[in-house]
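Engineer: Input final06.cif, format and content: mmCIF, C-alpha atoms.
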data_coords
loop_
_atom_site.label_atom_id
_atom_site.label_comp_id
_atom_site.auth_asym_id
_atom_site.auth_seq_id
_atom_site.Cartn_x
_atom_site.Cartn_y
_atom_site.Cartn_z
CA MET A 1 -9.12 113.83 126.06
CA TRP A 2 -11.48 112.06 128.48
CA SER A 3 -13.61 109.20 127.19
CA PRO A 4 -17.15 108.59 128.46
CA GLU A 5 -15.93 105.30 129.93
CA THR A 6 -13.19 107.06 131.91
CA LEU A 7 -15.69 109.63 133.15
CA LEU A 8 -18.06 106.87 134.30
CA VAL A 9 -15.33 105.14 136.30
CA ALA A 10 -14.27 108.52 137.75
CA ALA A 11 -17.90 109.19 138.71
CA VAL A 12 -17.97 105.92 140.66
CA ALA A 13 -14.83 106.96 142.54
CA ASP A 14 -16.06 110.49 143.23
CA CYS A 15 -19.48 109.29 144.37
CA TYR A 16 -17.86 106.84 146.78
CA VAL A 17 -15.65 109.58 148.26
CA LEU A 18 -18.58 111.96 148.71
CA SER A 19 -20.76 109.22 150.21
CA PHE A 20 -17.95 108.21 152.56
CA ARG A 21 -17.47 111.79 153.76
CA ALA A 22 -21.18 112.17 154.51
CA VAL A 23 -21.46 108.83 156.35
CA ALA A 24 -18.21 109.41 158.26
CA ARG A 25 -19.40 112.87 159.36
CA ALA A 26 -22.76 111.48 160.51
CA SER A 27 -20.96 108.66 162.35
CA ARG A 28 -18.45 111.07 163.89
CA LEU A 29 -15.57 109.02 162.55
CA ASP A 30 -12.19 110.77 162.71
CA TRP A 31 -9.99 109.91 159.76
CA GLU A 32 -6.84 111.31 158.18
CA GLY A 33 -6.99 110.37 154.52
CA LEU A 34 -8.86 108.43 151.87
CA ASP A 35 -7.48 107.26 148.54
CA VAL A 36 -9.94 105.65 146.14
CA GLU A 37 -9.18 103.87 142.88
CA VAL A 38 -11.80 102.26 140.67
CA GLU A 39 -11.30 99.76 137.90
CA GLY A 40 -14.14 99.07 135.50
CA VAL A 41 -14.28 95.52 134.14
CA LEU A 42 -15.69 95.06 130.64
CA ASP A 43 -17.13 91.88 129.16
CA ARG A 44 -19.00 90.94 126.02
CA ALA A 45 -22.48 89.49 126.41
CA ASP A 46 -25.27 89.14 123.87
CA GLY A 47 -23.07 90.71 121.23
CA ARG A 48 -22.50 93.90 123.26
CA THR A 49 -19.58 95.09 125.33
CA ARG A 50 -20.58 96.47 128.72
CA PHE A 51 -19.29 97.11 132.21
CA VAL A 52 -19.93 94.04 134.33
CA ARG A 53 -18.07 95.05 137.50
CA PHE A 54 -16.51 98.01 139.22
CA ASP A 55 -13.72 97.22 141.68
CA ILE A 56 -13.47 100.00 144.27
CA THR A 57 -10.21 99.99 146.20
CA ALA A 58 -10.53 102.36 149.15
CA LYS A 59 -7.50 103.03 151.33
CA LEU A 60 -8.49 104.75 154.55
CA ALA A 61 -6.03 106.18 157.06
CA LEU A 62 -7.25 106.46 160.63
CA MET A 63 -5.79 108.31 163.59
CA ARG A 64 -6.63 105.50 166.05
CA GLU A 65 -6.64 101.78 165.52
CA SER A 66 -9.61 101.47 167.86
CA ASP A 67 -11.76 103.17 165.18
CA ALA A 68 -11.14 100.39 162.64
CA PRO A 69 -14.35 98.37 163.22
CA ARG A 70 -16.52 101.48 162.94
CA ALA A 71 -14.54 102.65 159.91
CA SER A 72 -15.18 99.33 158.19
CA ALA A 73 -18.93 99.75 158.74
CA VAL A 74 -18.78 103.35 157.47
CA MET A 75 -16.97 102.21 154.32
CA GLU A 76 -19.64 99.58 153.59
CA THR A 77 -22.46 102.04 154.24
CA ALA A 78 -20.85 104.54 151.88
CA LYS A 79 -20.79 101.90 149.14
CA ARG A 80 -24.47 101.09 149.68
CA SER A 81 -25.51 104.76 149.69
CA CYS A 82 -23.72 105.86 146.50
CA LEU A 83 -26.26 107.05 143.92
CA ILE A 84 -24.01 106.24 140.96
CA THR A 85 -23.23 102.64 141.93
CA ASN A 86 -26.86 102.04 142.85
CA SER A 87 -27.81 103.13 139.32
CA LEU A 88 -25.46 100.76 137.48
CA ASN A 89 -26.16 97.22 136.29
CA GLY A 90 -22.58 96.08 136.90
CA GLU A 91 -21.58 94.62 140.26
CA CYS A 92 -19.70 96.99 142.57
CA VAL A 93 -17.06 95.33 144.73
CA LEU A 94 -15.49 97.23 147.62
CA ARG A 95 -11.93 96.33 148.55
CA PRO A 96 -11.30 98.27 151.77
CA ARG A 97 -7.85 98.78 153.24
CA ILE A 98 -7.64 100.44 156.62
CA THR A 99 -4.37 101.70 158.06
CA VAL A 100 -3.36 103.88 160.97
CA GLY A 101 -1.53 107.05 159.95
CA MET A 102 -1.59 109.11 156.78
CA ALA A 103 1.74 107.85 155.41
CA GLU A 104 0.51 104.26 155.34
CA ALA A 105 -2.66 105.07 153.34
CA ALA A 106 -0.63 106.54 150.50
CA ASN A 107 1.27 103.27 149.98
#
Show me this structure written as structure tokens.
Structural biologist:
Amino acid sequence: MWSPETLLVAAVADCYVLSFRAVARASRLDWEGLDVEVEGVLDRADGRTRFVRFDITAKLALMRESDAPRASAVMETAKRSCLITNSLNGECVLRPRITVGMAEAAN
């Protein structure tokens, strides 16, 4: 059974992926694979437990190493354009990892 908290963290991941795809397409960035994991960090403040941070680990596999600088910019733009993360009070931290080749992104 899925909890609302799990669904919220999954929504952050899905929104990042969809935002990345749109920005990458507009930027004409060729890429092979994207693996995104999100961890929600809870803390207690003012007697209430709430999400205070979302750590987004995005592993992007490129076909060419020369695309890495542009890919980094695309990844940051995707984070800034995500409707879900822009709607949350908790901080959203992007931890990008760019590799060349699909096999490396899966590791």
Engineer: Might you spell out which residues the PyMOL selection byres ((chain A and resi 73-82) around 7) would select in the displayed file, as a list of chain:residue names?
Structural biologist: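 Here the PyMOL selection byres ((chain A and resi 73-82) around 7) matches A:Cys15, A:Tyr16, A:Ser19, A:Phe20, A:Val23, A:Ala24, A:Pro69, A:Arg70, A:Ala71, A:Ser72, A:Leu83, A:Ile84, A:Thr85, A:Asn86.
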Engineer: List the residues matched by the PyMOL selection byres ((chain A and resi 55-58) around 8) in the displayed structure as number ranges by chain, ordered by chain and then by residue number.
Structural biologist: A: 13, 34-41, 53-54, 59-60, 92-97
Engineer: Considering all atoms listed in the file, state which residue in the set A:Arg21, A:Gly90, A:Leu7, A:Thr99 is at the smallest distance from Thr49 in chain A.
Structural biologist: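 Distance minimum relative to Thr49 in chain A lands on A:Gly90.
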Engineer: Quote the spacing between CA of Leu29 in chain A and CA of Val12 in chain A in Å to one decimal place.
Structural biologist: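 Rounded to one decimal, the two atoms are 22.2 Å apart.
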Engineer: To one decimal place, how far is CA of Ser3 in chain A from CA of Arg44 in chain A in Å?
Structural biologist: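 Those two atoms sit 19.1 Å apart.
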Engineer: Using CA of Thr6 in chain A and CA of Ser87 in chain A as the two end points, give the distance in Å to one decimal.
Structural biologist: 16.9 Å
Engineer: Report as a PDB file with C-alpha atoms, in the frame of the given file the residues that result from applying the PyMOL selection byres ((chain A and resi 63) around 7) to the structure here.
Structural biologist:
ATOM      1  CA  ASP A  30     -12.190 110.770 162.710  1.00  0.00           C
ATOM      2  CA  TRP A  31      -9.990 109.910 159.760  1.00  0.00           C
ATOM      3  CA  GLU A  32      -6.840 111.310 158.180  1.00  0.00           C
ATOM      4  CA  ALA A  61      -6.030 106.180 157.060  1.00  0.00           C
ATOM      5  CA  LEU A  62      -7.250 106.460 160.630  1.00  0.00           C
ATOM      6  CA  ARG A  64      -6.630 105.500 166.050  1.00  0.00           C
ATOM      7  CA  GLU A  65      -6.640 101.780 165.520  1.00  0.00           C
ATOM      8  CA  VAL A 100      -3.360 103.880 160.970  1.00  0.00           C
ATOM      9  CA  GLY A 101      -1.530 107.050 159.950  1.00  0.00           C
TER      10      GLY A 101
END
Engineer: Which residue, A:Ala26, A:Val17, A:Ala68, A:Val9, has the smallest gap to Phe51 in chain A when you use all atoms listed in the file?
Structural biologist: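 Looking only at the distances to Phe51 in chain A, the closest residue turns out to be A:Val9.
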